[in-house]
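Undergrad: Right, I'll just put the structure down here and ask away after.
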Amino acid sequence: MVKMEKPWTLNQAQALFDLPFFELLFQAQQVHRLHFDPQQIQISTLLSIKTGACPEDCKYCPQSARYKTGLKAERLLEVKQVIESAKQAKQAGSTRFCMGAAWRNPHERDMPYLETMVKEVKALGLETCMTLGKLNDQQAQRLADAGLDYYNHNLDTSPEFYGSIITTRTYQDRLDTIDTVRQAGMKVCSGGIVGLGEKVTDRAALLVQLANLPQVPESVPINMLIKIKGTPLEDNEDVDAFDFIRTIAVARIMMPTSFVRLSAGREQMNEQMQALCFMAGANSLFYGCKLLTAANPKQDKDQQLFRKLNINPQATETALTHQQQIERLQEVMQQVDTVQFYNAAL
């Protein structure tokens, strides 16, 4: 089994990608079992607290104001709407509640609302996560003081390929935001996207960047591009399933203590592909909700897959039995205004 210490080199990461498929999965599963229960999975719920009209030009994102995707922009949700959705998520069995806003950065006028959201969601017994764009030191500290557990800020791809996808924010800007979050004492959620048109070397370089951060992200979302009509990447080639699984496996080996999350694109994955992702070391996912721009597998499909694989969702504080949680999930998710749900990992 490959055992290496930081700093990881691009050659080392590339060597992992070049391993025979089953050897790579075997090594990834060994690493996974050293740090996690292979039958446990962490579940999160996502909510868009402010949708659309983002000034950034990320070529994959329908929320950019620069692209005509038919997405209707919405203002910041009222605190009570967010709290109600968080209560439903907890009743449904989620352990982390993620709140995403389509901003370049939050304005000072929004900070009191964001702090209140964090405090009240935290009071429900849920882990809290936000993705709001770039933060300054003061904003990060205020969110940390309010009790925010995680901040999501993806690197998306390699430094070399990044300029082909985004021009309105530099790679260093993203690294600086991650450092700002760390200095404030919050945990980091940061990953990337497969299928942007990048090469395998770009995937390796992305994972090198993440694994060589001063402190490895506690949560690493690996997204598969959802091709949205109206965005510049709508005609990109589909990602090969085995290439995606390889990326999961290499992420697991290079970041052994991180939760590796299946994020965007799960609707395009069959059960067998998802099972191999879990075998490769994925142990977190977004669950039981419709993403803003594309469907996510329905909660009953996820539960069926969990039962087939004998996977147990990570424990959450609830008086409901497992079966009651399943039934409650089916009930509440039918009531939620699904247009509010947003893939905060992008």
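Residue numbering restarts at 1 in every chain; chains get A, B, ... in the order shown in the structure tokens, and ligands count up from 1 in that same order.
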Looking only at helix (DSSP H, G or I) from DSSP on the backbone, list the matching residues of range 58-298 of chain A as a VMD selection string.

TA: chain A and resid 79 to 92 108 to 123 137 to 146 159 to 162 171 to 183 200 to 211 241 to 254 266 to 268 271 to 279

Undergrad: Among range 83-291 of chain A, which ones does DSSP place in strand (DSSP E), written as a count of residues only?

TA: 33

Undergrad: May I have the residues within 10 Å of range 232-234 of chain A as JSON, numbers by chain, using only C-alpha atoms and disregarding those fewer than 2 positions away in the same chain?

TA: {"A": [57, 58, 59, 60, 61, 62, 67, 165, 195, 196, 197, 225, 226, 227, 228, 229, 230, 236, 237]}

Undergrad: List as a list in words the protein and nucleic acid residues near Leu206 in chain A, meaning an atom at most 9 Å away when only C-alpha atoms are counted, but skip any in the same chain fewer than 2 places from it.

TA: Leu155, Asp156, Thr157, Ser158, Pro159, Gly191, Gly192, Thr201, Asp202, Arg203, Ala204, Val208, Gln209, Leu210 and Ala211 of chain A

Undergrad: Can you work out which one of A:Ala251, A:Cys277, A:Ala89, A:Ile43 has the shortest atom-to-atom distance to Gly125 in chain A, counting only C-alpha atoms?

TA: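 Smallest distance to Gly125 in chain A is found for A:Ala89.
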
Undergrad: Quick one: residues within 8 Å of Gln39 in chain A, only C-alpha atoms counted, chain neighbours fewer than 5 positions away excluded, as a count of residues only?

TA: 3

Undergrad: To one decimal in Å, tell me the separation between CA of Ile41 in chain A and CA of Gln27 in chain A.

TA: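 Atom-to-atom, CA of Ile41 in chain A to CA of Gln27 in chain A, that is 19.4 Å.
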
Undergrad: Within 8 Å of Ile253 in chain A, counting only C-alpha atoms, which residues show up once you throw out same-chain ones fewer than 5 positions away? Write them as a ChimeraX atom specification, please.

TA: /A:27-28,31-32

Undergrad: Just want the 6 Å neighbourhood of range 257-264 of chain A, counted on only C-alpha atoms, with same-chain residues fewer than 5 positions away dropped. Output as a list of chain:residue names.

TA: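 Selected residues are A:Glu218, A:Ser219, A:Val220, A:Pro221, A:Ile222, A:Asn223, A:Met224, A:Ala282, A:Asn283, A:Ser284, A:Leu285.
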
Undergrad: Write out, as a PDB file, in the first residue's frame, the residues just selected, with C-alpha atoms.

TA:
ATOM      1  CA  GLU A 218     -12.171  17.984   6.675  1.00  0.00           C
ATOM      2  CA  SER A 219     -14.675  17.620   3.845  1.00  0.00           C
ATOM      3  CA  VAL A 220     -13.748  17.120   0.168  1.00  0.00           C
ATOM      4  CA  PRO A 221     -16.679  17.239  -2.282  1.00  0.00           C
ATOM      5  CA  ILE A 222     -15.967  15.656  -5.661  1.00  0.00           C
ATOM      6  CA  ASN A 223     -18.516  16.866  -8.213  1.00  0.00           C
ATOM      7  CA  MET A 224     -19.274  15.468 -11.641  1.00  0.00           C
ATOM      8  CA  ALA A 282     -16.480   8.093  -0.599  1.00  0.00           C
ATOM      9  CA  ASN A 283     -18.310   8.357   2.725  1.00  0.00           C
ATOM     10  CA  SER A 284     -20.474  11.460   2.487  1.00  0.00           C
ATOM     11  CA  LEU A 285     -23.258  12.679   0.202  1.00  0.00           C
TER      12      LEU A 285
END

Undergrad: Given the choices A:Ala101, A:Pro112, A:Leu213, A:Lys122, which gets closest to Ile83 in chain A if the distance is worked out from only C-alpha atoms?

TA: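 Using only C-alpha atoms, Ile83 in chain A sits closest to A:Lys122.
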
Undergrad: Would you work out the distance separating CA of Gln215 in chain A from CA of Glu127 in chain A, expressed in Å to one decimal?

TA: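 Result for CA of Gln215 in chain A versus CA of Glu127 in chain A: 19.9 Å, one decimal.
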